[in-house]
>>> print(open('run-v9.csv').read())   # CSV, C-alpha atoms
chain,number,residue,atom,x,y,z
A,1,MET,CA,-10.2,19.5,42.2
A,2,LYS,CA,-8.2,16.5,40.8
A,3,ASN,CA,-8.1,18.2,37.4
A,4,SER,CA,-6.5,21.4,38.8
A,5,LEU,CA,-4.0,19.2,40.8
A,6,HIS,CA,-3.0,17.4,37.6
A,7,VAL,CA,-2.8,20.7,35.6
A,8,GLY,CA,-0.5,22.1,38.4
A,9,ARG,CA,1.8,19.1,38.3
A,10,ALA,CA,1.9,19.2,34.5
A,11,ALA,CA,2.8,22.9,34.6
A,12,LEU,CA,5.5,22.3,37.2
A,13,LEU,CA,7.0,19.4,35.2
A,14,ALA,CA,6.9,21.5,32.0
A,15,ALA,CA,8.7,24.3,33.8
A,16,LEU,CA,11.4,22.0,35.1
A,17,VAL,CA,12.0,20.5,31.6
A,18,LEU,CA,12.4,24.0,30.2
A,19,VAL,CA,14.9,25.0,32.8
A,20,PHE,CA,17.0,21.9,32.2
A,21,ALA,CA,16.7,22.3,28.5
A,22,ALA,CA,17.7,25.9,28.6
A,23,ALA,CA,20.8,25.1,30.6
A,24,THR,CA,21.7,22.4,28.1
A,25,VAL,CA,21.2,24.7,25.1
A,26,MET,CA,23.0,27.6,26.8
A,27,ALA,CA,26.1,25.4,27.6
A,28,GLN,CA,27.7,25.1,24.2
A,29,ASP,CA,31.0,24.7,22.5
A,30,PRO,CA,33.2,27.7,23.5
A,31,VAL,CA,34.6,28.0,19.9
A,32,LYS,CA,31.0,28.5,18.6
A,33,VAL,CA,30.0,30.8,21.5
A,34,ALA,CA,33.1,33.0,21.2
A,35,PRO,CA,34.9,32.4,17.9
A,36,ASN,CA,37.0,35.6,18.3
A,37,ASN,CA,38.3,34.3,21.7
A,38,PHE,CA,38.9,30.6,21.2
A,39,LYS,CA,41.0,29.1,18.4
A,40,VAL,CA,41.4,25.3,17.9
A,41,LEU,CA,45.1,24.5,17.7
A,42,LEU,CA,44.8,20.8,17.6
A,43,GLU,CA,42.0,18.3,17.7
A,44,ASN,CA,41.9,14.5,17.4
A,45,ASP,CA,39.9,11.7,19.0
A,46,ARG,CA,41.7,12.1,22.3
A,47,VAL,CA,42.1,15.8,23.0
A,48,ARG,CA,41.2,19.3,21.7
A,49,VAL,CA,43.7,22.1,22.4
A,50,LEU,CA,42.3,25.6,22.5
A,51,ASP,CA,44.1,29.0,22.4
A,52,PHE,CA,42.2,31.6,24.4
A,53,HIS,CA,42.6,35.4,24.2
A,54,SER,CA,40.4,38.1,25.7
A,55,LYS,CA,40.4,41.7,26.9
A,56,PRO,CA,39.7,43.0,30.4
A,57,GLY,CA,36.0,43.4,31.0
A,58,GLU,CA,35.1,41.1,28.1
A,59,LYS,CA,32.3,38.6,28.8
A,60,ILE,CA,32.0,35.2,27.3
A,61,GLY,CA,28.6,33.6,27.1
A,62,MET,CA,27.5,30.3,28.7
A,63,HIS,CA,29.7,27.4,27.3
A,64,SER,CA,30.9,24.0,28.4
A,65,HIS,CA,34.2,22.1,28.7
A,66,PRO,CA,34.8,18.4,29.3
A,67,ASP,CA,37.5,17.5,31.8
A,68,TYR,CA,40.4,19.8,31.0
A,69,VAL,CA,43.7,21.4,31.9
A,70,THR,CA,44.3,25.2,31.6
A,71,TYR,CA,47.8,26.6,31.2
A,72,SER,CA,47.8,30.4,31.9
A,73,VAL,CA,50.2,32.1,29.6
A,74,SER,CA,49.4,35.4,31.3
A,75,GLY,CA,47.9,35.9,34.8
A,76,THR,CA,44.2,36.5,35.0
A,77,GLN,CA,41.4,37.3,37.4
A,78,THR,CA,38.1,35.9,36.2
A,79,LYS,CA,34.5,35.8,37.4
A,80,PHE,CA,32.7,32.6,36.5
A,81,THR,CA,28.9,32.2,36.6
A,82,SER,CA,27.7,28.5,36.6
A,83,THR,CA,24.4,27.3,35.1
A,84,ASP,CA,22.8,27.4,38.5
A,85,GLY,CA,23.8,31.1,38.9
A,86,LYS,CA,26.6,30.6,41.4
A,87,VAL,CA,29.4,33.2,41.0
A,88,THR,CA,33.0,32.4,41.8
A,89,GLU,CA,36.2,34.3,41.2
A,90,ARG,CA,39.5,32.6,40.3
A,91,ASP,CA,43.0,34.1,40.0
A,92,SER,CA,45.7,32.4,38.0
A,93,LYS,CA,49.4,33.3,37.6
A,94,ALA,CA,51.4,33.2,34.4
A,95,GLY,CA,52.9,29.7,34.0
A,96,GLN,CA,50.3,28.1,36.2
A,97,ALA,CA,48.6,24.8,35.1
A,98,THR,CA,45.2,23.9,36.6
A,99,TRP,CA,43.0,20.8,36.4
A,100,ARG,CA,39.3,21.3,36.0
A,101,GLY,CA,36.5,18.8,35.9
A,102,ALA,CA,33.8,19.1,33.2
A,103,GLU,CA,31.8,22.3,33.8
A,104,SER,CA,29.6,24.9,32.2
A,105,TYR,CA,29.8,28.6,32.9
A,106,SER,CA,29.9,32.1,31.5
A,107,SER,CA,32.9,34.3,32.3
A,108,GLU,CA,34.1,37.8,32.7
A,109,TYR,CA,37.7,38.9,32.9
A,110,ILE,CA,38.0,41.4,35.8
A,111,GLY,CA,41.7,41.7,36.0
A,112,THR,CA,44.1,43.9,34.1
A,113,GLY,CA,46.1,42.9,31.1
A,114,ASP,CA,45.1,40.7,28.2
A,115,PRO,CA,44.1,37.2,29.4
A,116,HIS,CA,45.8,34.4,27.4
A,117,ALA,CA,45.5,30.7,28.2
A,118,VAL,CA,45.8,27.3,26.5
A,119,LEU,CA,43.2,24.7,27.3
A,120,VAL,CA,43.6,21.0,26.8
A,121,GLU,CA,40.2,19.3,26.7
A,122,LEU,CA,40.2,15.6,27.2
A,123,LYS,CA,37.8,13.4,25.2
A,124,GLY,CA,36.3,10.2,26.5
A,125,LYS,CA,38.8,7.8,25.0
A,126,ALA,CA,41.8,9.7,26.3
A,127,ALA,CA,40.6,9.5,29.9
A,128,LYS,CA,39.9,5.8,29.6
A,129,ALA,CA,43.3,5.1,27.9
A,130,ALA,CA,45.1,7.0,30.6
A,131,SER,CA,43.5,5.0,33.3
A,132,LYS,CA,44.4,1.7,31.6
A,133,ALA,CA,48.0,2.9,30.9
A,134,ALA,CA,48.7,4.0,34.5
A,135,PRO,CA,51.0,1.6,36.3
A,136,LYS,CA,49.4,-0.2,39.1
A,137,LYS,CA,51.1,0.1,42.5
A,138,LYS,CA,52.5,-3.1,44.0
A,139,LYS,CA,51.3,-4.1,47.4
A,140,GLU,CA,54.0,-4.4,49.9
>>> encode(input="run-v9.csv", output="C-alpha cells")
Amino acid sequence: MKNSLHVGRAALLAALVLVFAAATVMAQDPVKVAPNNFKVLLENDRVRVLDFHSKPGEKIGMHSHPDYVTYSVSGTQTKFTSTDGKVTERDSKAGQATWRGAESYSSEYIGTGDPHAVLVELKGKAAKAASKAAPKKKKE
C-alpha cells in the first residue's frame, strides 16, 4: 500500500515538472519563434526594440516578453492565449502606447488590416537604473 502511494506521488510530481518545463520551453524569444514577424531594430544591455508585422488571421506561437512598451503603428485586434490557456482579446488604436508586464503567450490577429507595432523590451539593468534615476518626491 505504501509503495503504491509513493509511486502515485512520484508520478504526480513528474507530471507537474513536465507541465512547468513545457511552459518554459514553449515560452521563447519571439524573434526565434516568428523570425518573419519580428525584426530587431536595436539591442543593447538596457533595451531591445522589435519591429512587428503580421497579417490578419496569422498565428504566432508561444513566446515571452520581459516588461515592455508596445507602440501600435496600425490598429489591431488580437487574441492572446497565455501559458495557462486563458484567452483574452485586446484592441489597440494606431498611435497608442501600452505598458505590459512580463508575460508569455501565443497570439492570433483577428482584426482587419496588417498589424504593425514597435515593442520596446526592458532589460534588468534598465529597470533598476530608471528606479534609481527617478526623482524622489519631497515631503511637505
>>> closest_residue(input="run-v9.csv", among="A:Val49, A:Val33, A:Leu41, A:Ala102", to="Tyr71 in chain A", atoms="all atoms listed in the file")
A:Val49
>>> closest_residue(input="run-v9.csv", among="A:Thr76, A:Ser64, A:Thr81, A:Thr70", to="Lys93 in chain A", atoms="all atoms listed in the file")
A:Thr76
>>> residues_around(input="run-v9.csv", residues="Gly57 in chain A", least_positions_apart="5", cutoff="8 Å", atoms="only C-alpha atoms", output="list in words")
Glu108, Tyr109, Ile110 and Gly111 of chain A
>>> write_last_selection(input="run-v9.csv", atoms="C-alpha atoms", output="PDB file, in the frame of the given file")
ATOM      1  CA  GLU A 108      34.100  37.800  32.700  1.00  0.00           C
ATOM      2  CA  TYR A 109      37.700  38.900  32.900  1.00  0.00           C
ATOM      3  CA  ILE A 110      38.000  41.400  35.800  1.00  0.00           C
ATOM      4  CA  GLY A 111      41.700  41.700  36.000  1.00  0.00           C
TER       5      GLY A 111
END
>>> closest_residue(input="run-v9.csv", among="A:Ala94, A:Leu50, A:Val87, A:Asn36", to="His65 in chain A", atoms="all atoms listed in the file")
A:Leu50
>>> atom_distance(input="run-v9.csv", atom1="CA of Glu89 in chain A", atom2="CA of Ala34 in chain A")
20.3 Å
>>> atom_distance(input="run-v9.csv", atom1="CA of Gly61 in chain A", atom2="CA of Arg90 in chain A")
17.1 Å
>>> closest_residue(input="run-v9.csv", among="A:Pro66, A:Glu58, A:Ser107, A:Gly101", to="Lys79 in chain A", atoms="all atoms listed in the file")
A:Ser107
>>> atom_distance(input="run-v9.csv", atom1="CA of Pro30 in chain A", atom2="CA of Asp114 in chain A")
18.2 Å
>>> closest_residue(input="run-v9.csv", among="A:Ser74, A:Lys123, A:Val118, A:Val69", to="Arg100 in chain A", atoms="all atoms listed in the file")
A:Val69
>>> build_atoms(input="run-v9.csv", residues="range 74-106 of chain A", atoms="N, CA and C atoms", output="PDB file, in the frame of the given file")
ATOM      1  N   SER A  74      49.315  34.157  30.532  1.00  0.00           N
ATOM      2  CA  SER A  74      49.400  35.400  31.300  1.00  0.00           C
ATOM      3  C   SER A  74      48.490  35.245  32.521  1.00  0.00           C
ATOM      4  N   GLY A  75      48.757  35.965  33.567  1.00  0.00           N
ATOM      5  CA  GLY A  75      47.900  35.900  34.800  1.00  0.00           C
ATOM      6  C   GLY A  75      46.563  36.506  34.489  1.00  0.00           C
ATOM      7  N   THR A  76      45.546  35.962  35.148  1.00  0.00           N
ATOM      8  CA  THR A  76      44.200  36.500  35.000  1.00  0.00           C
ATOM      9  C   THR A  76      43.434  36.480  36.274  1.00  0.00           C
ATOM     10  N   GLN A  77      42.417  37.295  36.293  1.00  0.00           N
ATOM     11  CA  GLN A  77      41.400  37.300  37.400  1.00  0.00           C
ATOM     12  C   GLN A  77      40.085  37.212  36.680  1.00  0.00           C
ATOM     13  N   THR A  78      39.344  36.150  36.958  1.00  0.00           N
ATOM     14  CA  THR A  78      38.100  35.900  36.200  1.00  0.00           C
ATOM     15  C   THR A  78      36.955  35.611  37.138  1.00  0.00           C
ATOM     16  N   LYS A  79      35.793  36.112  36.722  1.00  0.00           N
ATOM     17  CA  LYS A  79      34.500  35.800  37.400  1.00  0.00           C
ATOM     18  C   LYS A  79      33.764  34.830  36.592  1.00  0.00           C
ATOM     19  N   PHE A  80      33.388  33.700  37.203  1.00  0.00           N
ATOM     20  CA  PHE A  80      32.700  32.600  36.500  1.00  0.00           C
ATOM     21  C   PHE A  80      31.237  32.555  37.090  1.00  0.00           C
ATOM     22  N   THR A  81      30.272  32.371  36.216  1.00  0.00           N
ATOM     23  CA  THR A  81      28.900  32.200  36.600  1.00  0.00           C
ATOM     24  C   THR A  81      28.436  30.820  36.082  1.00  0.00           C
ATOM     25  N   SER A  82      28.115  29.887  36.983  1.00  0.00           N
ATOM     26  CA  SER A  82      27.700  28.500  36.600  1.00  0.00           C
ATOM     27  C   SER A  82      26.251  28.548  36.114  1.00  0.00           C
ATOM     28  N   THR A  83      25.798  27.430  35.571  1.00  0.00           N
ATOM     29  CA  THR A  83      24.400  27.300  35.100  1.00  0.00           C
ATOM     30  C   THR A  83      23.386  27.529  36.161  1.00  0.00           C
ATOM     31  N   ASP A  84      23.758  27.253  37.413  1.00  0.00           N
ATOM     32  CA  ASP A  84      22.800  27.400  38.500  1.00  0.00           C
ATOM     33  C   ASP A  84      22.865  28.855  39.096  1.00  0.00           C
ATOM     34  N   GLY A  85      23.679  29.735  38.480  1.00  0.00           N
ATOM     35  CA  GLY A  85      23.800  31.100  38.900  1.00  0.00           C
ATOM     36  C   GLY A  85      24.833  31.404  39.957  1.00  0.00           C
ATOM     37  N   LYS A  86      25.528  30.380  40.431  1.00  0.00           N
ATOM     38  CA  LYS A  86      26.600  30.600  41.400  1.00  0.00           C
ATOM     39  C   LYS A  86      27.766  31.301  40.804  1.00  0.00           C
ATOM     40  N   VAL A  87      28.243  32.343  41.478  1.00  0.00           N
ATOM     41  CA  VAL A  87      29.400  33.200  41.000  1.00  0.00           C
ATOM     42  C   VAL A  87      30.599  32.884  41.827  1.00  0.00           C
ATOM     43  N   THR A  88      31.712  32.604  41.136  1.00  0.00           N
ATOM     44  CA  THR A  88      33.000  32.400  41.800  1.00  0.00           C
ATOM     45  C   THR A  88      34.053  33.224  41.075  1.00  0.00           C
ATOM     46  N   GLU A  89      35.083  33.615  41.798  1.00  0.00           N
ATOM     47  CA  GLU A  89      36.200  34.300  41.200  1.00  0.00           C
ATOM     48  C   GLU A  89      37.455  33.446  41.352  1.00  0.00           C
ATOM     49  N   ARG A  90      38.263  33.395  40.288  1.00  0.00           N
ATOM     50  CA  ARG A  90      39.500  32.600  40.300  1.00  0.00           C
ATOM     51  C   ARG A  90      40.633  33.484  39.779  1.00  0.00           C
ATOM     52  N   ASP A  91      41.760  33.391  40.437  1.00  0.00           N
ATOM     53  CA  ASP A  91      43.000  34.100  40.000  1.00  0.00           C
ATOM     54  C   ASP A  91      43.919  32.987  39.450  1.00  0.00           C
ATOM     55  N   SER A  92      44.687  33.335  38.431  1.00  0.00           N
ATOM     56  CA  SER A  92      45.700  32.400  38.000  1.00  0.00           C
ATOM     57  C   SER A  92      46.975  33.255  37.672  1.00  0.00           C
ATOM     58  N   LYS A  93      48.120  32.644  37.863  1.00  0.00           N
ATOM     59  CA  LYS A  93      49.400  33.300  37.600  1.00  0.00           C
ATOM     60  C   LYS A  93      49.960  32.805  36.284  1.00  0.00           C
ATOM     61  N   ALA A  94      50.746  33.624  35.621  1.00  0.00           N
ATOM     62  CA  ALA A  94      51.400  33.200  34.400  1.00  0.00           C
ATOM     63  C   ALA A  94      52.237  31.954  34.675  1.00  0.00           C
ATOM     64  N   GLY A  95      52.122  30.955  33.811  1.00  0.00           N
ATOM     65  CA  GLY A  95      52.900  29.700  34.000  1.00  0.00           C
ATOM     66  C   GLY A  95      52.165  28.676  34.840  1.00  0.00           C
ATOM     67  N   GLN A  96      50.995  28.989  35.346  1.00  0.00           N
ATOM     68  CA  GLN A  96      50.300  28.100  36.200  1.00  0.00           C
ATOM     69  C   GLN A  96      49.393  27.129  35.377  1.00  0.00           C
ATOM     70  N   ALA A  97      49.424  25.838  35.715  1.00  0.00           N
ATOM     71  CA  ALA A  97      48.600  24.800  35.100  1.00  0.00           C
ATOM     72  C   ALA A  97      47.526  24.397  36.121  1.00  0.00           C
ATOM     73  N   THR A  98      46.283  24.263  35.687  1.00  0.00           N
ATOM     74  CA  THR A  98      45.200  23.900  36.600  1.00  0.00           C
ATOM     75  C   THR A  98      44.330  22.803  35.976  1.00  0.00           C
ATOM     76  N   TRP A  99      43.941  21.831  36.786  1.00  0.00           N
ATOM     77  CA  TRP A  99      43.000  20.800  36.400  1.00  0.00           C
ATOM     78  C   TRP A  99      41.602  21.228  36.719  1.00  0.00           C
ATOM     79  N   ARG A 100      40.662  21.039  35.776  1.00  0.00           N
ATOM     80  CA  ARG A 100      39.300  21.300  36.000  1.00  0.00           C
ATOM     81  C   ARG A 100      38.419  20.170  35.530  1.00  0.00           C
ATOM     82  N   GLY A 101      37.470  19.764  36.325  1.00  0.00           N
ATOM     83  CA  GLY A 101      36.500  18.800  35.900  1.00  0.00           C
ATOM     84  C   GLY A 101      35.547  19.398  34.887  1.00  0.00           C
ATOM     85  N   ALA A 102      34.768  18.589  34.209  1.00  0.00           N
ATOM     86  CA  ALA A 102      33.800  19.100  33.200  1.00  0.00           C
ATOM     87  C   ALA A 102      32.900  20.134  33.907  1.00  0.00           C
ATOM     88  N   GLU A 103      32.661  21.231  33.194  1.00  0.00           N
ATOM     89  CA  GLU A 103      31.800  22.300  33.800  1.00  0.00           C
ATOM     90  C   GLU A 103      31.264  23.181  32.664  1.00  0.00           C
ATOM     91  N   SER A 104      30.210  23.900  33.036  1.00  0.00           N
ATOM     92  CA  SER A 104      29.600  24.900  32.200  1.00  0.00           C
ATOM     93  C   SER A 104      29.509  26.200  32.910  1.00  0.00           C
ATOM     94  N   TYR A 105      29.814  27.289  32.208  1.00  0.00           N
ATOM     95  CA  TYR A 105      29.800  28.600  32.900  1.00  0.00           C
ATOM     96  C   TYR A 105      29.873  29.709  31.807  1.00  0.00           C
ATOM     97  N   SER A 106      29.559  30.921  32.254  1.00  0.00           N
ATOM     98  CA  SER A 106      29.900  32.100  31.500  1.00  0.00           C
ATOM     99  C   SER A 106      31.014  32.789  32.274  1.00  0.00           C
TER     100      SER A 106
END
